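Shown next: upload.cif, containing mmCIF, C-alpha atoms.
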```cif
data_input
#
loop_
_atom_site.label_atom_id
_atom_site.label_comp_id
_atom_site.auth_asym_id
_atom_site.auth_seq_id
_atom_site.Cartn_x
_atom_site.Cartn_y
_atom_site.Cartn_z
CA MET U 1 17.76 -71.74 61.38
CA ALA U 2 16.28 -71.01 57.94
CA GLU U 3 14.61 -74.44 57.96
CA ARG U 4 13.06 -73.73 61.34
CA ARG U 5 11.81 -70.37 60.06
CA GLU U 6 10.17 -72.09 57.09
CA LEU U 7 8.58 -74.68 59.38
CA ILE U 8 7.18 -71.95 61.63
CA LYS U 9 5.95 -69.97 58.63
CA GLY U 10 4.06 -72.99 57.34
CA ASN U 11 2.39 -73.62 60.70
CA ILE U 12 1.85 -70.11 62.00
CA ASP U 13 -1.95 -70.26 61.67
CA SER U 14 -2.16 -73.54 63.61
CA LEU U 15 0.12 -72.21 66.34
CA LEU U 16 -1.84 -68.99 66.77
CA LEU U 17 -5.25 -70.70 66.63
CA SER U 18 -4.11 -73.28 69.22
CA LEU U 19 -3.07 -70.60 71.69
CA ILE U 20 -6.03 -68.31 71.10
CA GLY U 21 -8.32 -71.36 71.19
CA ARG U 22 -7.38 -71.95 74.84
CA GLU U 23 -8.18 -68.43 76.04
CA PRO U 24 -8.54 -64.93 74.54
CA MET U 25 -5.09 -63.35 74.27
CA TYR U 26 -3.45 -60.13 73.11
CA GLY U 27 -0.44 -59.87 70.79
CA TYR U 28 2.34 -59.51 73.33
CA GLN U 29 0.85 -62.23 75.51
CA ILE U 30 0.73 -64.60 72.53
CA LEU U 31 4.38 -63.96 71.74
CA LYS U 32 5.48 -64.61 75.32
CA ASP U 33 3.27 -67.67 75.73
CA LEU U 34 4.52 -69.18 72.50
CA GLU U 35 8.12 -68.67 73.54
CA GLN U 36 7.51 -70.03 77.02
CA LYS U 37 5.48 -73.10 76.05
CA SER U 38 7.93 -74.08 73.29
CA GLU U 39 10.89 -73.46 75.64
CA GLY U 40 12.30 -70.86 73.30
CA TYR U 41 11.90 -72.88 70.09
CA PHE U 42 9.27 -70.56 68.63
CA ARG U 43 10.44 -66.97 68.59
CA PHE U 44 8.19 -64.83 66.45
CA LYS U 45 9.14 -61.38 65.29
CA GLU U 46 6.43 -58.84 66.00
CA GLY U 47 6.46 -58.00 62.31
CA THR U 48 5.37 -61.59 61.63
CA LEU U 49 2.81 -61.88 64.41
CA TYR U 50 0.56 -58.92 63.66
CA PRO U 51 0.10 -59.49 59.91
CA ALA U 52 -0.77 -63.13 60.75
CA LEU U 53 -3.27 -62.11 63.44
CA HIS U 54 -4.92 -59.59 61.10
CA ARG U 55 -5.10 -62.18 58.32
CA LEU U 56 -6.84 -64.67 60.65
CA GLU U 57 -9.24 -61.93 61.73
CA LYS U 58 -9.97 -60.90 58.14
CA VAL U 59 -11.00 -64.43 57.19
CA GLY U 60 -13.17 -64.77 60.30
CA LEU U 61 -11.10 -67.35 62.22
CA ILE U 62 -10.63 -65.01 65.19
CA VAL U 63 -12.31 -61.85 66.47
CA SER U 64 -10.68 -59.09 68.48
CA LYS U 65 -11.87 -56.49 70.93
CA TRP U 66 -10.30 -54.01 73.33
CA GLU U 67 -10.43 -55.00 76.99
CA GLY U 68 -8.89 -53.52 80.11
CA LEU U 69 -6.08 -55.16 82.08
CA PRO U 70 -6.26 -55.06 85.91
CA SER U 71 -3.76 -52.16 85.64
CA GLY U 72 -6.35 -50.20 83.66
CA ARG U 73 -4.41 -50.39 80.39
CA LEU U 74 -6.30 -51.48 77.30
CA ARG U 75 -5.20 -54.44 75.20
CA ARG U 76 -6.68 -55.92 72.04
CA TYR U 77 -7.73 -59.46 72.90
CA SER U 78 -8.29 -62.01 70.16
CA SER U 79 -10.59 -64.98 70.63
CA ILE U 80 -11.34 -67.91 68.37
CA THR U 81 -14.58 -68.05 66.37
CA GLU U 82 -16.63 -71.16 65.61
CA LYS U 83 -15.14 -71.24 62.13
CA GLY U 84 -11.65 -70.96 63.66
CA ALA U 85 -12.39 -73.76 66.13
CA ARG U 86 -13.55 -76.05 63.31
CA LEU U 87 -10.40 -75.33 61.31
CA LEU U 88 -8.24 -75.90 64.40
CA ALA U 89 -9.87 -79.28 65.03
CA MET U 90 -9.17 -80.25 61.43
CA LYS U 91 -5.55 -79.05 61.63
CA ARG U 92 -5.03 -80.98 64.90
CA SER U 93 -6.30 -84.17 63.34
CA GLN U 94 -4.15 -83.66 60.22
CA TRP U 95 -1.11 -82.96 62.41
CA ALA U 96 -1.70 -86.09 64.52
CA ASP U 97 -1.93 -88.27 61.38
CA PHE U 98 1.17 -86.63 59.90
CA ALA U 99 3.20 -86.97 63.12
CA THR U 100 2.23 -90.64 63.54
CA ALA U 101 3.15 -91.49 59.94
CA MET U 102 6.34 -89.45 60.12
CA ASN U 103 7.44 -91.14 63.35
CA ARG U 104 6.89 -94.57 61.83
CA ILE U 105 9.25 -93.72 58.99
CA ILE U 106 11.82 -91.37 60.47
CA GLN U 107 12.65 -93.27 63.67
CA PRO U 108 15.58 -95.66 63.39
CA ALA U 109 14.57 -99.29 63.04
CA PRO U 110 15.03 -101.33 66.29
CA ALA U 111 18.31 -103.25 66.30
CA MET P 1 12.02 -42.05 73.44
CA ALA P 2 8.33 -41.50 72.82
CA ARG P 3 9.36 -39.51 69.75
CA VAL P 4 11.36 -42.43 68.31
CA VAL P 5 8.39 -44.76 68.79
CA GLY P 6 6.04 -42.08 67.43
CA ARG P 7 8.16 -41.69 64.29
CA TYR P 8 8.25 -45.45 63.79
CA LEU P 9 4.45 -45.72 64.17
CA ASP P 10 3.95 -42.71 61.86
CA ASP P 11 6.08 -44.47 59.29
CA ILE P 12 3.89 -47.58 59.53
CA ASP P 13 0.76 -45.41 59.37
CA ASP P 14 2.05 -43.66 56.23
CA HIS P 15 2.36 -46.97 54.42
CA LEU P 16 -0.82 -48.70 55.56
CA SER P 17 -3.20 -47.25 52.90
CA LEU P 18 -6.26 -48.49 54.78
CA ASP P 19 -9.39 -46.91 56.16
CA VAL P 20 -8.65 -44.30 58.87
CA ALA P 21 -10.51 -46.29 61.56
CA ASP P 22 -8.57 -49.48 60.72
CA ARG P 23 -5.28 -47.58 60.67
CA ARG P 24 -5.93 -46.06 64.11
CA GLU P 25 -6.81 -49.46 65.55
CA ILE P 26 -3.67 -51.09 64.13
CA ILE P 27 -1.35 -48.30 65.30
CA ARG P 28 -2.90 -48.38 68.77
CA GLU P 29 -2.43 -52.14 68.96
CA LEU P 30 1.23 -51.91 67.91
CA GLU P 31 1.78 -49.07 70.37
CA THR P 32 0.50 -51.16 73.29
CA HIS P 33 2.80 -54.00 72.22
CA ILE P 34 5.82 -51.67 72.16
CA GLU P 35 4.81 -50.36 75.60
CA ASP P 36 4.77 -53.91 77.03
CA ARG P 37 8.04 -54.94 75.38
CA VAL P 38 9.92 -51.78 76.46
CA PHE P 39 8.57 -52.14 80.00
CA GLU P 40 9.77 -55.76 80.14
CA MET P 41 13.20 -54.85 78.80
CA LYS P 42 13.56 -52.04 81.29
CA GLN P 43 12.67 -54.46 84.09
CA ALA P 44 15.50 -56.66 82.79
CA GLY P 45 17.96 -53.78 83.29
CA LEU P 46 18.08 -51.96 79.95
CA SER P 47 17.89 -48.19 79.76
CA GLU P 48 14.81 -46.64 78.08
CA GLU P 49 16.89 -45.82 74.99
CA GLU P 50 18.35 -49.34 74.71
CA ALA P 51 14.97 -50.96 75.34
CA THR P 52 13.24 -48.85 72.67
CA LYS P 53 15.96 -49.52 70.12
CA ALA P 54 15.93 -53.28 70.82
CA CYS P 55 12.13 -53.37 70.65
CA LEU P 56 11.95 -51.57 67.31
CA ASP P 57 14.70 -53.83 65.96
CA LEU P 58 12.54 -56.80 66.89
CA PHE P 59 9.60 -55.30 65.01
CA GLY P 60 11.70 -54.87 61.88
CA SER P 61 11.27 -52.41 59.04
CA ALA P 62 8.21 -50.17 59.41
CA ARG P 63 7.52 -50.38 55.69
CA LEU P 64 7.64 -54.17 55.73
CA VAL P 65 5.31 -54.40 58.74
CA ALA P 66 2.91 -51.93 57.06
CA ARG P 67 3.03 -53.83 53.78
CA GLN P 68 2.32 -57.18 55.43
CA ILE P 69 -0.57 -55.80 57.48
CA TYR P 70 -1.93 -54.03 54.37
CA GLU P 71 -1.80 -57.32 52.45
CA ALA P 72 -3.66 -59.06 55.28
CA HIS P 73 -6.45 -56.48 55.06
CA SER P 74 -6.49 -55.59 51.40
CA GLN P 75 -7.83 -58.67 49.67
CA GLY P 76 -11.56 -58.50 49.05
CA THR P 77 -13.87 -61.52 48.87
CA TRP P 78 -15.17 -62.96 45.59
CA TRP P 79 -18.52 -61.40 46.39
CA GLN P 80 -16.90 -57.96 46.69
CA ALA P 81 -15.00 -58.60 43.46
CA LEU P 82 -18.26 -59.42 41.68
CA LEU P 83 -19.93 -56.28 43.06
CA ALA P 84 -16.94 -54.17 41.96
CA SER P 85 -17.22 -55.52 38.43
CA MET P 86 -20.98 -54.88 38.15
CA PRO P 87 -21.00 -51.24 36.94
CA HIS P 88 -18.54 -52.13 34.15
CA LEU P 89 -20.64 -55.18 33.24
CA LEU P 90 -23.79 -53.08 33.29
CA PHE P 91 -22.42 -50.52 30.84
CA GLY P 92 -20.76 -53.29 28.82
CA LEU P 93 -24.12 -55.03 28.40
CA ILE P 94 -25.89 -51.78 27.52
CA PHE P 95 -23.51 -51.37 24.57
CA ALA P 96 -23.11 -55.03 23.62
CA LEU P 97 -26.91 -55.49 23.45
CA ASN P 98 -27.42 -52.11 21.78
CA TRP P 99 -29.58 -50.86 24.62
CA TRP P 100 -27.66 -47.61 24.75
CA GLN P 101 -30.13 -46.11 22.26
CA GLY P 102 -33.00 -46.55 24.70
CA ILE P 103 -33.01 -43.64 27.11
CA GLY P 104 -34.95 -45.81 29.59
CA TRP P 105 -32.14 -48.38 29.93
CA VAL P 106 -29.51 -45.68 30.33
CA ALA P 107 -31.65 -43.90 32.94
CA ILE P 108 -32.16 -47.17 34.86
CA ALA P 109 -28.40 -47.92 34.71
CA LEU P 110 -27.51 -44.45 35.97
CA THR P 111 -30.07 -44.67 38.78
CA VAL P 112 -28.67 -48.04 39.86
CA VAL P 113 -25.11 -46.66 39.70
CA ILE P 114 -25.90 -43.55 41.73
CA GLY P 115 -27.96 -45.58 44.22
CA ALA P 116 -25.17 -48.11 44.73
CA ALA P 117 -22.59 -45.32 45.11
CA ILE P 118 -24.65 -43.49 47.75
CA TYR P 119 -25.34 -46.77 49.60
CA GLY P 120 -21.66 -47.78 49.60
CA TRP P 121 -20.49 -44.31 50.62
CA GLY P 122 -22.82 -44.37 53.60
CA HIS P 123 -21.93 -47.94 54.62
CA GLY P 124 -18.21 -47.83 55.40
CA ARG P 125 -16.97 -47.26 51.83
CA PRO P 126 -16.09 -50.91 51.05
CA MET P 127 -13.74 -51.66 48.16
CA TRP P 128 -16.58 -52.62 45.77
CA LEU P 129 -17.88 -49.05 45.98
CA PHE P 130 -15.12 -47.33 44.00
CA PRO P 131 -15.95 -48.48 40.45
CA TRP P 132 -19.58 -47.44 41.12
CA LEU P 133 -18.33 -44.12 42.44
CA GLY P 134 -16.39 -43.46 39.24
CA TYR P 135 -19.48 -44.05 37.09
CA SER P 136 -21.75 -42.04 39.39
CA LEU P 137 -19.62 -38.93 38.83
CA ILE P 138 -19.97 -39.19 35.05
CA PRO P 139 -23.57 -37.81 34.94
CA VAL P 140 -22.37 -34.87 37.07
CA ILE P 141 -19.69 -34.03 34.49
CA VAL P 142 -21.90 -34.77 31.46
CA ALA P 143 -24.69 -32.53 32.85
CA GLY P 144 -22.11 -29.74 33.16
CA VAL P 145 -21.06 -30.22 29.50
CA LEU P 146 -24.71 -30.28 28.36
CA MET P 147 -25.29 -26.92 30.02
CA ILE P 148 -23.44 -25.38 27.05
CA TYR P 149 -26.65 -26.08 25.13
CA LEU P 150 -28.91 -24.24 27.55
CA PRO P 151 -30.93 -21.40 25.99
CA ARG P 152 -29.26 -18.00 25.97
CA GLY P 153 -29.45 -16.22 29.26
CA TRP P 154 -29.42 -19.46 31.26
CA SER P 155 -25.67 -20.12 30.98
CA TRP P 156 -25.14 -18.04 34.12
CA LEU P 157 -26.93 -20.79 36.00
CA ALA P 158 -24.22 -23.22 34.92
CA ILE P 159 -21.38 -20.84 35.69
CA VAL P 160 -22.61 -19.54 39.02
CA VAL P 161 -24.41 -22.54 40.50
CA TYR P 162 -23.75 -25.83 38.78
CA VAL P 163 -20.04 -25.70 37.88
CA PRO P 164 -18.75 -24.73 41.37
CA LEU P 165 -21.13 -27.23 43.00
CA ALA P 166 -20.11 -30.04 40.64
CA LEU P 167 -16.41 -29.22 41.03
CA TRP P 168 -16.77 -29.18 44.81
CA LEU P 169 -18.53 -32.56 44.76
CA VAL P 170 -15.99 -34.20 42.43
CA CYS P 171 -12.99 -32.77 44.35
CA ALA P 172 -14.43 -33.71 47.76
CA VAL P 173 -15.11 -37.30 46.68
CA ALA P 174 -11.69 -37.56 45.00
CA LEU P 175 -9.87 -36.22 48.08
CA GLN P 176 -11.75 -38.50 50.47
CA THR P 177 -10.91 -41.46 48.27
CA ILE P 178 -7.26 -40.51 47.91
CA ARG P 179 -6.99 -40.10 51.70
CA ARG P 180 -8.12 -43.72 52.05
CA ASP P 181 -5.87 -45.07 49.28
CA TRP P 182 -4.85 -43.40 46.02
CA LEU P 183 -5.09 -46.76 44.25
CA LEU P 184 -8.85 -46.75 44.91
CA SER P 185 -9.08 -43.38 43.11
CA ALA P 186 -7.28 -44.94 40.17
CA LEU P 187 -9.78 -47.83 40.31
CA ALA P 188 -12.68 -45.35 40.26
CA LEU P 189 -11.16 -43.49 37.29
CA LEU P 190 -10.54 -46.70 35.36
CA PRO P 191 -13.24 -46.14 32.67
CA VAL P 192 -12.09 -42.57 31.94
CA PRO P 193 -9.31 -43.34 29.37
CA ALA P 194 -11.56 -45.82 27.53
CA MET P 195 -14.42 -43.32 27.43
CA ILE P 196 -12.17 -40.51 26.19
CA ALA P 197 -10.67 -42.84 23.58
CA TRP P 198 -14.13 -43.87 22.30
CA PHE P 199 -15.28 -40.23 22.20
CA VAL P 200 -12.15 -39.23 20.27
CA THR P 201 -12.68 -42.09 17.80
CA MET P 202 -16.41 -41.52 17.39
CA GLY P 203 -15.99 -37.76 17.16
CA ASN P 204 -13.91 -38.33 14.02
CA GLY P 205 -11.62 -35.50 15.01
CA GLY P 206 -14.58 -33.15 15.45
CA PRO P 207 -16.29 -31.98 18.63
CA VAL P 208 -17.24 -34.63 21.20
CA LEU P 209 -21.00 -34.17 20.85
CA GLY P 210 -20.78 -34.38 17.08
CA ALA P 211 -20.15 -38.10 17.39
CA SER P 212 -21.85 -40.10 14.72
CA LEU P 213 -24.50 -42.42 16.08
CA ASP P 214 -23.83 -44.80 13.20
CA GLN P 215 -20.24 -45.14 14.26
CA VAL P 216 -21.31 -45.86 17.83
CA ARG P 217 -23.75 -48.47 16.49
CA LEU P 218 -21.00 -50.13 14.44
CA SER P 219 -18.55 -50.25 17.34
CA ALA P 220 -21.11 -51.00 20.07
CA ARG P 221 -19.89 -54.58 20.60
CA TRP P 222 -16.28 -53.42 20.88
CA ILE P 223 -17.32 -50.70 23.31
CA GLY P 224 -19.13 -53.39 25.29
CA LEU P 225 -16.05 -55.60 25.20
CA SER P 226 -13.83 -52.78 26.46
CA PHE P 227 -16.16 -52.35 29.46
CA MET P 228 -16.02 -56.12 30.05
CA THR P 229 -12.21 -55.82 30.17
CA LEU P 230 -12.64 -53.20 32.87
CA ALA P 231 -14.93 -55.61 34.75
CA PHE P 232 -12.20 -58.29 34.74
CA THR P 233 -9.72 -55.66 35.90
CA ALA P 234 -11.96 -54.74 38.85
CA VAL P 235 -12.22 -58.43 39.84
CA ALA P 236 -8.44 -58.87 39.65
CA PHE P 237 -7.87 -55.65 41.60
CA VAL P 238 -10.12 -56.70 44.48
CA ARG P 239 -8.68 -60.21 44.69
CA LEU P 240 -4.99 -59.22 44.51
CA ARG P 241 -3.13 -58.44 47.73
CA GLN P 242 0.06 -56.80 46.54
CA ARG P 243 -0.03 -53.11 45.63
CA TRP P 244 2.47 -53.38 42.79
CA LEU P 245 0.32 -56.07 41.15
CA ARG P 246 -2.71 -53.82 41.46
CA VAL P 247 -0.85 -50.96 39.77
CA ALA P 248 0.27 -53.35 37.01
CA VAL P 249 -3.30 -54.59 36.47
CA LEU P 250 -4.69 -51.04 36.23
CA PHE P 251 -2.00 -50.03 33.73
CA ALA P 252 -2.40 -53.21 31.65
CA SER P 253 -6.16 -52.69 31.59
CA GLY P 254 -5.78 -49.08 30.37
CA LEU P 255 -3.40 -50.24 27.64
CA THR P 256 -5.66 -53.15 26.58
CA THR P 257 -8.76 -50.97 26.24
CA LEU P 258 -6.80 -48.39 24.22
CA LEU P 259 -5.54 -51.13 21.90
CA MET P 260 -9.14 -52.30 21.49
CA VAL P 261 -10.28 -48.79 20.59
CA THR P 262 -7.43 -48.47 18.09
CA TYR P 263 -8.23 -51.83 16.52
CA ALA P 264 -12.01 -51.40 16.38
CA GLY P 265 -12.24 -47.64 15.82
CA GLY P 266 -9.28 -47.54 13.44
CA LYS P 267 -9.09 -43.77 13.68
CA LEU P 268 -6.63 -43.28 16.50
CA ASP P 269 -3.39 -41.92 15.07
CA PHE P 270 -0.10 -42.43 16.86
CA LEU P 271 -0.18 -39.05 18.61
CA SER P 272 -3.73 -39.55 19.93
CA PHE P 273 -2.73 -43.03 21.15
CA LEU P 274 0.31 -41.57 22.89
CA GLY P 275 -1.83 -38.84 24.43
CA LEU P 276 -4.26 -41.43 25.77
CA ILE P 277 -1.41 -43.50 27.22
CA LEU P 278 -0.30 -40.36 29.03
CA ILE P 279 -3.84 -39.99 30.39
CA VAL P 280 -3.70 -43.59 31.69
CA VAL P 281 -0.34 -42.93 33.38
CA GLY P 282 -1.62 -39.56 34.63
CA LEU P 283 -4.69 -41.14 36.20
CA LEU P 284 -2.36 -43.41 38.14
CA LEU P 285 0.24 -40.80 39.01
CA VAL P 286 -1.89 -37.77 39.89
CA PRO P 287 -3.78 -39.47 42.77
CA ALA P 288 -0.42 -40.86 44.00
CA LEU P 289 1.13 -37.39 43.99
CA ILE P 290 -1.86 -35.82 45.74
CA ASP P 291 -1.69 -38.61 48.31
CA LYS P 292 1.99 -37.88 48.91
CA ARG P 293 1.19 -34.21 49.45
CA ILE P 294 -1.66 -35.00 51.85
CA ARG P 295 0.55 -37.35 53.85
CA SER P 296 3.36 -34.80 54.11
CA ARG P 297 0.86 -32.38 55.70
CA ARG P 298 -0.70 -34.95 58.02
CA PRO P 299 -0.21 -34.06 61.73
CA ARG P 300 2.43 -36.37 63.16
CA ALA P 301 1.88 -38.45 66.30
CA ALA P 302 5.56 -38.12 67.16
CA ALA P 303 5.03 -35.06 69.32
CA GLY P 304 6.33 -36.58 72.56
CA SER P 305 9.72 -35.86 74.06
CA ASP P 306 12.82 -38.05 73.79
#
```

Full structure transcribed into structure tokens:
Amino acid sequence: MAERRELIKGNIDSLLLSLIGREPMYGYQILKDLEQKSEGYFRFKEGTLYPALHRLEKVGLIVSKWEGLPSGRLRRYSSITEKGARLLAMKRSQWADFATAMNRIIQPAPA
Amino acid sequence: MARVVGRYLDDIDDHLSLDVADRREIIRELETHIEDRVFEMKQAGLSEEEATKACLDLFGSARLVARQIYEAHSQGTWWQALLASMPHLLFGLIFALNWWQGIGWVAIALTVVIGAAIYGWGHGRPMWLFPWLGYSLIPVIVAGVLMIYLPRGWSWLAIVVYVPLALWLVCAVALQTIRRDWLLSALALLPVPAMIAWFVTMGNGGPVLGASLDQVRLSARWIGLSFMTLAFTAVAFVRLRQRWLRVAVLFASGLTTLLMVTYAGGKLDFLSFLGLILIVVGLLLVPALIDKRIRSRRPRAAAGSD
């Protein structure tokens, strides 16, 4: 469990940018989407999500604005910036290279 | 249950130490999240009380959440760090290059300082403003001291008009700054211990204005160096995220400049040194205590019913 937490911690920016890069989302929606898409593997605590979102916003990778839901309630939607999209593309490419290399090594050799 | 959520959000708000507008935005965002989570849990069959408790447990400690969000917001850019160091560098250069004797240079420096402080104050009070703010209040205080030398019959002007006005200005600026974050007040007051220490040393135990110009001339490079130390402190302060590290940097900077004054001036006895250390600690503690008092009087959002 602790290992998984460390893995998530190290990749939190990539995870958030990937989701927000698809469509503008608000905090609770991100949490649910992450849980759903990873089939429960990624469970963020709210106390982890918001500091991470604010950090990404501070460095200009995402921008946020208040928008109304169909119910009339307001939610703070975050969307990816150009700078964020460039970083996400770089992270995706790094991840693909890493996963390919890792798979070559970690998979058992064919009998 | 609204009161439980309100108390939790108040607790986060108390520990955010950010601009009021930012704090409001953050609290509102967290509140909408809690609303959604509690609603979902109630749909799943939990009572309002159980849902609220479970939701706040998921959020974790209010202090921790506040600290992490503060750290996400608090770090300034290198550009801001450079701007924050500029007033210290400016005064450091004036002494190091012996320009302090030219009234023109000092007047230019003070105009730049006051101009930058007014600009920053009117443009969202960014973190780089506070060192400028500290220096811009010095002429206000010095002018008050100089009024002692006004011709007879004019002192009433100082007592009736200038002193209350100056006190009001200094207190208003200090309170506004403390409301934002008491650490920023400490950053603004950073040059005060060094200045007092240099005055005490130069005054040779006599009155402040009896300072020997020769002594200032002899120690000018050291005075310049002590301002440079403050410039490095301002850079470190802006770039650091953690509050405890910022406090440590401010304290270390106060101590370093006092050691410099003792070494270069050579006239600070142990008691004066101790007194100046107390001033350094006081400049850190007094804004913190005022902040605590302000926060305890702040109207609470937790006014809803359980």

Within 10 Å of chain U, which residues belong to chain P? Use all atoms listed in the file and report them as an mmCIF file with C-alpha atoms, keeping the file's coordinate frame.
```cif
data_model
loop_
_atom_site.group_PDB
_atom_site.id
_atom_site.type_symbol
_atom_site.label_atom_id
_atom_site.label_comp_id
_atom_site.auth_asym_id
_atom_site.auth_seq_id
_atom_site.Cartn_x
_atom_site.Cartn_y
_atom_site.Cartn_z
ATOM 1 C CA GLU P 25 -6.810 -49.460 65.550
ATOM 2 C CA ILE P 26 -3.670 -51.090 64.130
ATOM 3 C CA ARG P 28 -2.900 -48.380 68.770
ATOM 4 C CA GLU P 29 -2.430 -52.140 68.960
ATOM 5 C CA LEU P 30 1.230 -51.910 67.910
ATOM 6 C CA THR P 32 0.500 -51.160 73.290
ATOM 7 C CA HIS P 33 2.800 -54.000 72.220
ATOM 8 C CA ILE P 34 5.820 -51.670 72.160
ATOM 9 C CA GLU P 35 4.810 -50.360 75.600
ATOM 10 C CA ASP P 36 4.770 -53.910 77.030
ATOM 11 C CA ARG P 37 8.040 -54.940 75.380
ATOM 12 C CA CYS P 55 12.130 -53.370 70.650
ATOM 13 C CA LEU P 56 11.950 -51.570 67.310
ATOM 14 C CA ASP P 57 14.700 -53.830 65.960
ATOM 15 C CA LEU P 58 12.540 -56.800 66.890
ATOM 16 C CA PHE P 59 9.600 -55.300 65.010
ATOM 17 C CA GLY P 60 11.700 -54.870 61.880
ATOM 18 C CA SER P 61 11.270 -52.410 59.040
ATOM 19 C CA ALA P 62 8.210 -50.170 59.410
ATOM 20 C CA LEU P 64 7.640 -54.170 55.730
ATOM 21 C CA VAL P 65 5.310 -54.400 58.740
ATOM 22 C CA ALA P 66 2.910 -51.930 57.060
ATOM 23 C CA ARG P 67 3.030 -53.830 53.780
ATOM 24 C CA GLN P 68 2.320 -57.180 55.430
ATOM 25 C CA ILE P 69 -0.570 -55.800 57.480
ATOM 26 C CA TYR P 70 -1.930 -54.030 54.370
ATOM 27 C CA GLU P 71 -1.800 -57.320 52.450
ATOM 28 C CA ALA P 72 -3.660 -59.060 55.280
ATOM 29 C CA HIS P 73 -6.450 -56.480 55.060
ATOM 30 C CA SER P 74 -6.490 -55.590 51.400
ATOM 31 C CA GLN P 75 -7.830 -58.670 49.670
ATOM 32 C CA GLY P 76 -11.560 -58.500 49.050
ATOM 33 C CA THR P 77 -13.870 -61.520 48.870
#
```

Point to revise | Residue among P:Arg125, P:His88, P:Arg243, P:Arg180 lying closest to Asp13 (chain P), counting all atoms listed in the file | key: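 Closest to Asp13 (chain P), using all atoms listed in the file: P:Arg180.
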
Exercise for review: Rank U:Ala109, U:Leu61, U:Ile12, U:Ile20 by their smallest atom-to-atom distance to Gly84 (chain U), using all atoms listed in the file, and report the top residue only.
Suggested key: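 Comparing U:Ala109, U:Leu61, U:Ile12, U:Ile20 against Gly84 (chain U), the winner is U:Leu61.
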
Exercise for review: Identify all residues satisfying the PyMOL selection byres ((chain P and resi 110-120) around 12) in the given file; provide them as JSON, numbers by chain.
Suggested key: {"P": [80, 83, 84, 85, 86, 87, 88, 89, 90, 91, 94, 100, 103, 104, 105, 106, 107, 108, 109, 121, 122, 123, 124, 125, 126, 127, 128, 129, 130, 131, 132, 133, 134, 135, 136, 137, 138, 139, 140, 173, 188]}

Go ahead and write the selection's residues with C-alpha atoms as a compact mmCIF listing (two decimals), in the coordinates of the input.
```
# COMPACT_ATOMS: atom_id res chain seq x y z
CA GLN P 80 -16.90 -57.96 46.69
CA LEU P 83 -19.93 -56.28 43.06
CA ALA P 84 -16.94 -54.17 41.96
CA SER P 85 -17.22 -55.52 38.43
CA MET P 86 -20.98 -54.88 38.15
CA PRO P 87 -21.00 -51.24 36.94
CA HIS P 88 -18.54 -52.13 34.15
CA LEU P 89 -20.64 -55.18 33.24
CA LEU P 90 -23.79 -53.08 33.29
CA PHE P 91 -22.42 -50.52 30.84
CA ILE P 94 -25.89 -51.78 27.52
CA TRP P 100 -27.66 -47.61 24.75
CA ILE P 103 -33.01 -43.64 27.11
CA GLY P 104 -34.95 -45.81 29.59
CA TRP P 105 -32.14 -48.38 29.93
CA VAL P 106 -29.51 -45.68 30.33
CA ALA P 107 -31.65 -43.90 32.94
CA ILE P 108 -32.16 -47.17 34.86
CA ALA P 109 -28.40 -47.92 34.71
CA TRP P 121 -20.49 -44.31 50.62
CA GLY P 122 -22.82 -44.37 53.60
CA HIS P 123 -21.93 -47.94 54.62
CA GLY P 124 -18.21 -47.83 55.40
CA ARG P 125 -16.97 -47.26 51.83
CA PRO P 126 -16.09 -50.91 51.05
CA MET P 127 -13.74 -51.66 48.16
CA TRP P 128 -16.58 -52.62 45.77
CA LEU P 129 -17.88 -49.05 45.98
CA PHE P 130 -15.12 -47.33 44.00
CA PRO P 131 -15.95 -48.48 40.45
CA TRP P 132 -19.58 -47.44 41.12
CA LEU P 133 -18.33 -44.12 42.44
CA GLY P 134 -16.39 -43.46 39.24
CA TYR P 135 -19.48 -44.05 37.09
CA SER P 136 -21.75 -42.04 39.39
CA LEU P 137 -19.62 -38.93 38.83
CA ILE P 138 -19.97 -39.19 35.05
CA PRO P 139 -23.57 -37.81 34.94
CA VAL P 140 -22.37 -34.87 37.07
CA VAL P 173 -15.11 -37.30 46.68
CA ALA P 188 -12.68 -45.35 40.26
```

Practice item. Apply the PyMOL selection byres ((chain P and resi 277-289) around 10) to the file shown and report the selected residues as JSON, numbers by chain. Key: {"P": [174, 175, 177, 178, 179, 181, 182, 183, 184, 185, 186, 187, 188, 189, 190, 191, 192, 193, 194, 196, 197, 247, 250, 251, 252, 253, 254, 255, 258, 271, 272, 273, 274, 275, 276, 290, 291, 292, 293, 294, 295]}

What does the PyMOL selection byres ((chain U and resi 8) around 12) select in this file, as a short mmCIF file (atom, residue, chain, number, x, y, z; two decimals) with C-alpha atoms, keeping the file's coordinate frame?
```cif
data_model
loop_
_atom_site.label_atom_id
_atom_site.label_comp_id
_atom_site.auth_asym_id
_atom_site.auth_seq_id
_atom_site.Cartn_x
_atom_site.Cartn_y
_atom_site.Cartn_z
CA MET U 1 17.76 -71.74 61.38
CA ALA U 2 16.28 -71.01 57.94
CA GLU U 3 14.61 -74.44 57.96
CA ARG U 4 13.06 -73.73 61.34
CA ARG U 5 11.81 -70.37 60.06
CA GLU U 6 10.17 -72.09 57.09
CA LEU U 7 8.58 -74.68 59.38
CA LYS U 9 5.95 -69.97 58.63
CA GLY U 10 4.06 -72.99 57.34
CA ASN U 11 2.39 -73.62 60.70
CA ILE U 12 1.85 -70.11 62.00
CA ASP U 13 -1.95 -70.26 61.67
CA SER U 14 -2.16 -73.54 63.61
CA LEU U 15 0.12 -72.21 66.34
CA LEU U 16 -1.84 -68.99 66.77
CA LEU U 34 4.52 -69.18 72.50
CA SER U 38 7.93 -74.08 73.29
CA TYR U 41 11.90 -72.88 70.09
CA PHE U 42 9.27 -70.56 68.63
CA ARG U 43 10.44 -66.97 68.59
CA PHE U 44 8.19 -64.83 66.45
CA LYS U 45 9.14 -61.38 65.29
CA THR U 48 5.37 -61.59 61.63
CA LEU U 49 2.81 -61.88 64.41
CA ALA U 52 -0.77 -63.13 60.75
#
```
